[in-house]
$ cat model_10.cif   # mmCIF, N, CA and C atoms
data_work
loop_
_atom_site.label_atom_id
_atom_site.label_comp_id
_atom_site.auth_asym_id
_atom_site.auth_seq_id
_atom_site.Cartn_x
_atom_site.Cartn_y
_atom_site.Cartn_z
N MET A 1 -14.94 -35.42 -14.69
CA MET A 1 -14.81 -34.51 -15.80
C MET A 1 -16.09 -33.68 -15.88
N VAL A 2 -15.90 -32.38 -16.05
CA VAL A 2 -17.03 -31.46 -16.13
C VAL A 2 -17.03 -30.82 -17.50
N ARG A 3 -18.16 -30.83 -18.17
CA ARG A 3 -18.30 -30.16 -19.47
C ARG A 3 -19.19 -28.95 -19.28
N PHE A 4 -18.77 -27.83 -19.83
CA PHE A 4 -19.54 -26.61 -19.73
C PHE A 4 -20.44 -26.47 -20.94
N PRO A 5 -21.74 -26.26 -20.70
CA PRO A 5 -22.67 -26.13 -21.82
C PRO A 5 -22.48 -24.80 -22.54
N GLY A 6 -22.92 -24.75 -23.76
CA GLY A 6 -22.85 -23.51 -24.52
C GLY A 6 -21.57 -23.37 -25.33
N SER A 7 -20.73 -24.36 -25.31
CA SER A 7 -19.51 -24.30 -26.09
C SER A 7 -19.84 -24.58 -27.55
N SER A 8 -19.49 -23.65 -28.42
CA SER A 8 -19.83 -23.81 -29.84
C SER A 8 -18.83 -24.71 -30.55
N ARG A 9 -17.64 -24.86 -30.02
CA ARG A 9 -16.64 -25.70 -30.64
C ARG A 9 -16.84 -27.15 -30.22
N LYS A 10 -17.02 -27.98 -31.19
CA LYS A 10 -17.18 -29.40 -30.90
C LYS A 10 -15.85 -30.13 -30.97
N SER A 11 -14.83 -29.51 -31.61
CA SER A 11 -13.55 -30.17 -31.78
C SER A 11 -12.62 -29.95 -30.60
N ALA A 12 -12.95 -29.00 -29.73
CA ALA A 12 -12.08 -28.71 -28.59
C ALA A 12 -12.24 -29.81 -27.55
N PRO A 13 -11.15 -30.14 -26.86
CA PRO A 13 -11.26 -31.16 -25.82
C PRO A 13 -12.06 -30.61 -24.64
N PRO A 14 -12.70 -31.48 -23.89
CA PRO A 14 -13.50 -31.01 -22.75
C PRO A 14 -12.60 -30.38 -21.69
N PHE A 15 -13.15 -29.40 -20.98
CA PHE A 15 -12.42 -28.70 -19.93
C PHE A 15 -12.51 -29.50 -18.64
N LEU A 16 -11.38 -29.84 -18.10
CA LEU A 16 -11.36 -30.65 -16.88
C LEU A 16 -11.22 -29.74 -15.67
N VAL A 17 -11.99 -29.98 -14.65
CA VAL A 17 -11.91 -29.23 -13.41
C VAL A 17 -11.32 -30.14 -12.36
N ASP A 18 -10.22 -29.69 -11.78
CA ASP A 18 -9.56 -30.47 -10.74
C ASP A 18 -10.24 -30.16 -9.41
N SER A 19 -10.81 -31.15 -8.79
CA SER A 19 -11.52 -30.93 -7.53
C SER A 19 -10.63 -31.15 -6.31
N SER A 20 -9.34 -31.42 -6.54
CA SER A 20 -8.44 -31.61 -5.41
C SER A 20 -8.07 -30.26 -4.80
N GLU A 21 -7.27 -30.29 -3.77
CA GLU A 21 -6.88 -29.06 -3.09
C GLU A 21 -6.10 -28.15 -4.01
N ASP A 22 -6.22 -26.89 -3.76
CA ASP A 22 -5.45 -25.89 -4.49
C ASP A 22 -4.00 -25.95 -4.01
N GLU A 23 -3.07 -25.52 -4.86
CA GLU A 23 -1.65 -25.54 -4.51
C GLU A 23 -1.37 -24.71 -3.26
N SER A 24 -2.02 -23.56 -3.15
CA SER A 24 -1.78 -22.69 -1.98
C SER A 24 -2.34 -23.32 -0.71
N GLU A 25 -3.41 -24.08 -0.82
CA GLU A 25 -3.97 -24.73 0.36
C GLU A 25 -3.08 -25.85 0.86
N ARG A 26 -2.39 -26.53 -0.05
CA ARG A 26 -1.50 -27.61 0.36
C ARG A 26 -0.28 -27.08 1.09
N ASN A 27 0.21 -25.89 0.71
CA ASN A 27 1.42 -25.34 1.30
C ASN A 27 1.13 -24.35 2.42
N LEU A 28 -0.10 -24.27 2.88
CA LEU A 28 -0.49 -23.29 3.89
C LEU A 28 0.26 -23.51 5.20
N GLU A 29 0.50 -24.75 5.56
CA GLU A 29 1.19 -25.03 6.81
C GLU A 29 2.66 -24.63 6.76
N SER A 30 3.25 -24.61 5.58
CA SER A 30 4.67 -24.27 5.48
C SER A 30 4.92 -22.77 5.48
N TYR A 31 3.87 -21.94 5.40
CA TYR A 31 4.01 -20.48 5.43
C TYR A 31 3.23 -19.94 6.62
N PRO A 32 3.90 -19.73 7.76
CA PRO A 32 3.18 -19.31 8.96
C PRO A 32 2.65 -17.87 8.90
N LEU A 33 3.16 -17.02 8.00
CA LEU A 33 2.74 -15.63 7.94
C LEU A 33 1.58 -15.39 6.99
N VAL A 34 1.06 -16.44 6.36
CA VAL A 34 -0.07 -16.28 5.45
C VAL A 34 -1.25 -15.80 6.26
N GLY A 35 -1.87 -14.73 5.80
CA GLY A 35 -3.02 -14.18 6.51
C GLY A 35 -2.67 -13.07 7.48
N LEU A 36 -1.38 -12.84 7.71
CA LEU A 36 -0.96 -11.81 8.65
C LEU A 36 -1.35 -10.42 8.16
N TYR A 37 -1.25 -10.20 6.86
CA TYR A 37 -1.56 -8.89 6.29
C TYR A 37 -2.86 -8.92 5.49
N ASP A 38 -3.75 -9.81 5.82
CA ASP A 38 -5.03 -9.88 5.13
C ASP A 38 -6.01 -8.82 5.62
N ARG A 39 -5.76 -8.26 6.79
CA ARG A 39 -6.68 -7.25 7.31
C ARG A 39 -6.50 -5.95 6.52
N PRO A 40 -7.56 -5.19 6.37
CA PRO A 40 -7.44 -3.94 5.60
C PRO A 40 -6.65 -2.89 6.36
N LEU A 41 -6.03 -2.00 5.62
CA LEU A 41 -5.28 -0.90 6.22
C LEU A 41 -6.23 0.11 6.84
N PRO A 42 -5.77 0.86 7.84
CA PRO A 42 -6.62 1.90 8.43
C PRO A 42 -6.81 3.07 7.47
N CYS A 43 -7.62 4.02 7.84
CA CYS A 43 -7.86 5.24 7.05
C CYS A 43 -8.43 4.90 5.67
N CYS A 44 -9.58 4.31 5.65
CA CYS A 44 -10.31 3.99 4.42
C CYS A 44 -9.58 2.98 3.54
N GLY A 45 -8.71 2.20 4.10
CA GLY A 45 -8.03 1.16 3.36
C GLY A 45 -6.78 1.60 2.63
N CYS A 46 -6.44 2.88 2.69
CA CYS A 46 -5.24 3.33 1.97
C CYS A 46 -4.04 3.46 2.89
N GLY A 47 -4.20 3.33 4.16
CA GLY A 47 -3.09 3.40 5.10
C GLY A 47 -2.86 4.80 5.62
N VAL A 48 -2.18 4.89 6.74
CA VAL A 48 -1.91 6.18 7.39
C VAL A 48 -1.02 7.03 6.51
N GLY A 49 -0.03 6.43 5.86
CA GLY A 49 0.92 7.19 5.04
C GLY A 49 0.26 7.88 3.86
N TRP A 50 -0.48 7.10 3.05
CA TRP A 50 -1.14 7.70 1.89
C TRP A 50 -2.24 8.65 2.31
N PHE A 51 -2.89 8.38 3.43
CA PHE A 51 -3.92 9.29 3.92
C PHE A 51 -3.29 10.62 4.31
N SER A 52 -2.11 10.59 4.93
CA SER A 52 -1.44 11.84 5.29
C SER A 52 -0.93 12.58 4.05
N VAL A 53 -0.57 11.84 3.00
CA VAL A 53 -0.16 12.50 1.75
C VAL A 53 -1.34 13.25 1.14
N ILE A 54 -2.48 12.60 1.07
CA ILE A 54 -3.67 13.23 0.49
C ILE A 54 -4.13 14.40 1.35
N LEU A 55 -4.18 14.18 2.67
CA LEU A 55 -4.61 15.23 3.59
C LEU A 55 -3.64 16.40 3.59
N GLY A 56 -2.37 16.12 3.32
CA GLY A 56 -1.34 17.17 3.33
C GLY A 56 -1.55 18.25 2.28
N PHE A 57 -2.24 17.94 1.21
CA PHE A 57 -2.52 18.97 0.20
C PHE A 57 -3.48 20.03 0.74
N PHE A 58 -4.27 19.68 1.74
CA PHE A 58 -5.20 20.62 2.35
C PHE A 58 -4.71 21.11 3.71
N PHE A 59 -3.90 20.29 4.38
CA PHE A 59 -3.38 20.59 5.71
C PHE A 59 -1.94 20.09 5.77
N PRO A 60 -0.96 20.92 5.31
CA PRO A 60 0.43 20.47 5.17
C PRO A 60 1.08 19.86 6.41
N PRO A 61 0.70 20.20 7.63
CA PRO A 61 1.32 19.49 8.77
C PRO A 61 1.09 17.98 8.77
N ALA A 62 0.14 17.50 8.01
CA ALA A 62 -0.08 16.05 7.91
C ALA A 62 1.14 15.37 7.27
N TRP A 63 1.83 16.06 6.37
CA TRP A 63 3.05 15.50 5.78
C TRP A 63 4.12 15.32 6.85
N PHE A 64 4.21 16.28 7.74
CA PHE A 64 5.21 16.19 8.80
C PHE A 64 4.85 15.09 9.81
N TYR A 65 3.56 14.88 10.02
CA TYR A 65 3.11 13.77 10.86
C TYR A 65 3.53 12.44 10.23
N GLY A 66 3.34 12.30 8.93
CA GLY A 66 3.77 11.09 8.23
C GLY A 66 5.28 10.91 8.28
N THR A 67 6.01 12.01 8.24
CA THR A 67 7.47 11.95 8.33
C THR A 67 7.91 11.45 9.69
N ILE A 68 7.25 11.94 10.73
CA ILE A 68 7.57 11.48 12.08
C ILE A 68 7.29 9.99 12.22
N LEU A 69 6.18 9.54 11.66
CA LEU A 69 5.88 8.10 11.70
C LEU A 69 6.91 7.30 10.91
N TYR A 70 7.36 7.83 9.79
CA TYR A 70 8.36 7.13 8.97
C TYR A 70 9.69 7.04 9.72
N LEU A 71 10.10 8.14 10.34
CA LEU A 71 11.37 8.14 11.07
C LEU A 71 11.29 7.29 12.34
N ALA A 72 10.09 7.11 12.88
CA ALA A 72 9.91 6.27 14.06
C ALA A 72 9.69 4.81 13.70
N SER A 73 9.87 4.47 12.43
CA SER A 73 9.73 3.09 11.92
C SER A 73 8.35 2.50 12.20
N TYR A 74 7.33 3.30 11.97
CA TYR A 74 5.96 2.83 12.12
C TYR A 74 5.66 1.70 11.13
N TYR A 75 6.35 1.69 10.00
CA TYR A 75 6.11 0.69 8.96
C TYR A 75 6.54 -0.70 9.39
N GLU A 76 7.26 -0.85 10.49
CA GLU A 76 7.62 -2.19 10.95
C GLU A 76 6.40 -2.93 11.47
N ARG A 77 5.37 -2.20 11.89
CA ARG A 77 4.13 -2.84 12.31
C ARG A 77 3.42 -3.46 11.11
N ASP A 78 3.47 -2.76 9.99
CA ASP A 78 2.84 -3.24 8.76
C ASP A 78 3.66 -2.71 7.58
N PRO A 79 4.41 -3.55 6.89
CA PRO A 79 5.29 -3.09 5.80
C PRO A 79 4.54 -2.42 4.65
N ARG A 80 3.24 -2.63 4.54
CA ARG A 80 2.48 -1.99 3.47
C ARG A 80 2.40 -0.48 3.66
N GLU A 81 2.71 0.02 4.85
CA GLU A 81 2.65 1.45 5.14
C GLU A 81 3.91 2.20 4.65
N ARG A 82 4.98 1.49 4.35
CA ARG A 82 6.26 2.12 4.07
C ARG A 82 6.21 3.10 2.89
N SER A 83 5.60 2.74 1.80
CA SER A 83 5.60 3.61 0.62
C SER A 83 4.84 4.90 0.87
N GLY A 84 3.71 4.83 1.55
CA GLY A 84 2.94 6.04 1.84
C GLY A 84 3.67 6.95 2.80
N LEU A 85 4.30 6.38 3.82
CA LEU A 85 5.03 7.20 4.78
C LEU A 85 6.27 7.82 4.15
N ALA A 86 6.94 7.10 3.27
CA ALA A 86 8.10 7.66 2.56
C ALA A 86 7.66 8.81 1.65
N THR A 87 6.51 8.65 1.00
CA THR A 87 5.99 9.72 0.15
C THR A 87 5.64 10.94 0.99
N ALA A 88 5.09 10.74 2.17
CA ALA A 88 4.78 11.86 3.06
C ALA A 88 6.07 12.58 3.48
N ALA A 89 7.13 11.82 3.71
CA ALA A 89 8.41 12.43 4.08
C ALA A 89 8.97 13.26 2.92
N ILE A 90 8.85 12.77 1.71
CA ILE A 90 9.32 13.52 0.54
C ILE A 90 8.50 14.78 0.35
N MET A 91 7.18 14.68 0.53
CA MET A 91 6.33 15.87 0.40
C MET A 91 6.65 16.89 1.48
N ALA A 92 6.96 16.44 2.68
CA ALA A 92 7.34 17.36 3.76
C ALA A 92 8.64 18.07 3.42
N LEU A 93 9.58 17.36 2.81
CA LEU A 93 10.84 17.97 2.40
C LEU A 93 10.61 19.03 1.33
N ILE A 94 9.79 18.71 0.35
CA ILE A 94 9.47 19.68 -0.71
C ILE A 94 8.77 20.90 -0.13
N CYS A 95 7.83 20.67 0.78
CA CYS A 95 7.12 21.77 1.42
C CYS A 95 8.08 22.66 2.20
N THR A 96 9.01 22.06 2.92
CA THR A 96 9.99 22.83 3.68
C THR A 96 10.87 23.65 2.76
N LEU A 97 11.32 23.06 1.65
CA LEU A 97 12.15 23.81 0.71
C LEU A 97 11.40 24.99 0.10
N VAL A 98 10.14 24.80 -0.24
CA VAL A 98 9.34 25.89 -0.80
C VAL A 98 9.17 27.00 0.23
N ILE A 99 8.91 26.65 1.47
CA ILE A 99 8.76 27.67 2.52
C ILE A 99 10.06 28.43 2.73
N VAL A 100 11.18 27.73 2.75
CA VAL A 100 12.48 28.40 2.94
C VAL A 100 12.77 29.33 1.77
N ILE A 101 12.51 28.90 0.55
CA ILE A 101 12.76 29.75 -0.62
C ILE A 101 11.85 30.97 -0.61
N VAL A 102 10.59 30.79 -0.28
CA VAL A 102 9.66 31.92 -0.22
C VAL A 102 10.08 32.91 0.86
N LEU A 103 10.45 32.43 2.03
CA LEU A 103 10.91 33.33 3.10
C LEU A 103 12.21 34.02 2.71
N PHE A 104 13.08 33.31 2.03
CA PHE A 104 14.35 33.89 1.59
C PHE A 104 14.09 35.03 0.60
N VAL A 105 13.18 34.84 -0.33
CA VAL A 105 12.86 35.87 -1.32
C VAL A 105 12.17 37.07 -0.65
N ILE A 106 11.27 36.80 0.29
CA ILE A 106 10.54 37.89 0.96
C ILE A 106 11.49 38.75 1.79
N PHE A 107 12.38 38.16 2.55
CA PHE A 107 13.25 38.92 3.44
C PHE A 107 14.43 39.58 2.74
N LEU A 108 14.80 39.11 1.57
CA LEU A 108 15.91 39.72 0.85
C LEU A 108 15.47 40.74 -0.19
N SER A 109 14.19 40.89 -0.39
CA SER A 109 13.75 41.88 -1.39
C SER A 109 13.28 43.15 -0.75
#
$ encode --input "model_10.cif" --output "C-alpha coordinates"
Amino acid sequence: MVRFPGSSRKSAPPFLVDSSEDESERNLESYPLVGLYDRPLPCCGCGVGWFSVILGFFFPPAWFYGTILYLASYYERDPRERSGLATAAIMALICTLVIVIVLFVIFLS
(Lines of atoms letter the chains of each structure in order from A and count residues from 1; the text may use other names and numbers.)
(Lines give C-alpha, C1' and ligand atoms only; values in the text may rest on other atoms or scores of the structure.)
Protein backbone atom coordinates (compact mmCIF):
# COMPACT_ATOMS: atom_id res chain seq x y z
CA MET A 1 0.00 0.00 0.00
CA VAL A 2 1.33 3.41 -0.98
CA ARG A 3 0.20 6.63 0.69
CA PHE A 4 0.75 9.92 -1.07
CA PRO A 5 1.92 12.78 1.15
CA GLY A 6 0.22 16.14 1.08
CA SER A 7 -3.31 14.82 1.23
CA SER A 8 -5.38 17.22 3.31
CA ARG A 9 -8.25 14.79 3.79
CA LYS A 10 -7.70 12.48 6.69
CA SER A 11 -11.05 10.69 6.28
CA ALA A 12 -10.37 9.46 2.75
CA PRO A 13 -9.15 5.89 2.39
CA PRO A 14 -5.52 5.47 1.32
CA PHE A 15 -4.83 5.23 -2.41
CA LEU A 16 -3.67 1.78 -3.37
CA VAL A 17 -1.23 1.30 -6.23
CA ASP A 18 -1.37 -2.04 -7.97
CA SER A 19 2.17 -3.10 -8.82
CA SER A 20 1.08 -6.09 -10.89
CA GLU A 21 1.07 -6.14 -14.68
CA ASP A 22 -1.16 -3.77 -16.56
CA GLU A 23 -4.20 -5.26 -18.33
CA SER A 24 -2.77 -4.40 -21.76
CA GLU A 25 0.54 -6.07 -20.91
CA ARG A 26 -1.20 -9.31 -19.95
CA ASN A 27 -3.10 -9.47 -23.25
CA LEU A 28 -0.17 -8.41 -25.46
CA GLU A 29 0.41 -11.94 -26.73
CA SER A 30 -3.21 -12.31 -27.84
CA TYR A 31 -3.00 -9.22 -30.13
CA PRO A 32 -0.28 -9.77 -32.75
CA LEU A 33 -0.83 -6.37 -34.45
CA VAL A 34 -0.08 -4.30 -31.35
CA GLY A 35 2.74 -1.94 -32.23
CA LEU A 36 2.24 -2.25 -35.99
CA TYR A 37 1.06 1.35 -36.29
CA ASP A 38 3.16 2.81 -33.51
CA ARG A 39 5.59 4.39 -35.96
CA PRO A 40 4.91 8.02 -36.86
CA LEU A 41 3.35 8.91 -40.18
CA PRO A 42 5.54 10.45 -42.90
CA CYS A 43 5.43 14.15 -43.82
CA CYS A 44 5.86 15.70 -40.38
CA GLY A 45 3.62 13.14 -38.72
CA CYS A 46 0.41 14.14 -40.48
CA GLY A 47 0.61 11.61 -43.32
CA VAL A 48 0.87 11.93 -47.08
CA GLY A 49 -2.88 12.55 -47.48
CA TRP A 50 -3.21 15.47 -45.07
CA PHE A 51 0.11 16.88 -46.27
CA SER A 52 -1.21 16.90 -49.85
CA VAL A 53 -4.43 18.59 -48.66
CA ILE A 54 -2.48 21.38 -46.96
CA LEU A 55 0.01 21.69 -49.83
CA GLY A 56 -2.88 21.73 -52.32
CA PHE A 57 -3.99 25.17 -51.17
CA PHE A 58 -0.68 26.52 -52.51
CA PHE A 59 -0.08 23.96 -55.28
CA PRO A 60 -3.40 22.39 -56.41
CA PRO A 61 -1.85 19.44 -58.30
CA ALA A 62 -1.01 18.01 -54.87
CA TRP A 63 -4.73 17.25 -54.46
CA PHE A 64 -4.65 15.23 -57.65
CA TYR A 65 -1.55 13.39 -56.40
CA GLY A 66 -3.48 12.46 -53.24
CA THR A 67 -6.41 11.34 -55.39
CA ILE A 68 -4.17 9.05 -57.40
CA LEU A 69 -2.81 7.55 -54.18
CA TYR A 70 -6.36 7.09 -52.86
CA LEU A 71 -7.53 5.37 -56.04
CA ALA A 72 -4.42 3.17 -56.01
CA SER A 73 -5.34 2.02 -52.46
CA TYR A 74 -2.22 3.47 -50.87
CA TYR A 75 -4.10 3.44 -47.55
CA GLU A 76 -3.87 -0.36 -47.42
CA ARG A 77 -0.23 0.08 -46.39
CA ASP A 78 -1.35 2.18 -43.43
CA PRO A 79 -5.09 2.67 -42.72
CA ARG A 80 -4.37 5.95 -40.91
CA GLU A 81 -3.75 7.52 -44.34
CA ARG A 82 -7.31 6.90 -45.61
CA SER A 83 -9.00 10.04 -44.25
CA GLY A 84 -6.33 12.41 -45.57
CA LEU A 85 -6.28 10.80 -49.00
CA ALA A 86 -10.09 10.86 -49.20
CA THR A 87 -10.04 14.54 -48.28
CA ALA A 88 -7.48 15.18 -51.03
CA ALA A 89 -9.77 13.41 -53.51
CA ILE A 90 -12.72 15.58 -52.45
CA MET A 91 -10.62 18.74 -52.75
CA ALA A 92 -9.49 17.66 -56.23
CA LEU A 93 -13.13 17.18 -57.24
CA ILE A 94 -14.07 20.64 -55.94
CA CYS A 95 -11.07 22.16 -57.72
CA THR A 96 -12.04 20.46 -60.98
CA LEU A 97 -15.63 21.69 -60.71
CA VAL A 98 -14.49 25.26 -60.06
CA ILE A 99 -12.14 25.14 -63.07
CA VAL A 100 -14.88 23.75 -65.33
CA ILE A 101 -17.37 26.41 -64.20
CA VAL A 102 -14.84 29.22 -64.66
CA LEU A 103 -13.91 27.98 -68.15
CA PHE A 104 -17.58 27.57 -69.00
CA VAL A 105 -18.33 31.17 -67.98
CA ILE A 106 -15.27 32.56 -69.80
CA PHE A 107 -15.97 30.81 -73.11
CA LEU A 108 -19.71 31.48 -73.16
CA SER A 109 -19.53 35.17 -72.39
$ resolve_selection --input "model_10.cif" --expression "the PyMOL selection byres (((chain A and resi 50-58 and name CA) around 9) and name CA)" --output "list in words"
Cys43, Cys44, Cys46, Gly47, Val48, Gly49, Phe59, Pro60, Pro61, Ala62, Trp63, Phe64, Tyr65, Gly66, Glu81, Ser83, Gly84, Leu85, Thr87, Ala88, Ala89, Met91 and Ala92 of chain A
$ atom_distance --input "model_10.cif" --atom1 "CA of Leu71 (chain A)" --atom2 "atom N of Ala86 (chain A)"
9.0 Å
$ atom_distance --input "model_10.cif" --atom1 "CA of Tyr74 (chain A)" --atom2 "CA of Leu97 (chain A)"
24.7 Å
$ axis_aligned_box --input "model_10.cif" --around "region 94-99 of chain A" --padding-each-side "5 Å" --output "AutoDock Vina command-line options"
--center_x 9.6 --center_y 23.6 --center_z 1.4 --size_x 15.0 --size_y 19.7 --size_z 14.5
$ atom_distance --input "model_10.cif" --atom1 "atom C of Ile90 (chain A)" --atom2 "atom N of Thr67 (chain A)"
8.7 Å
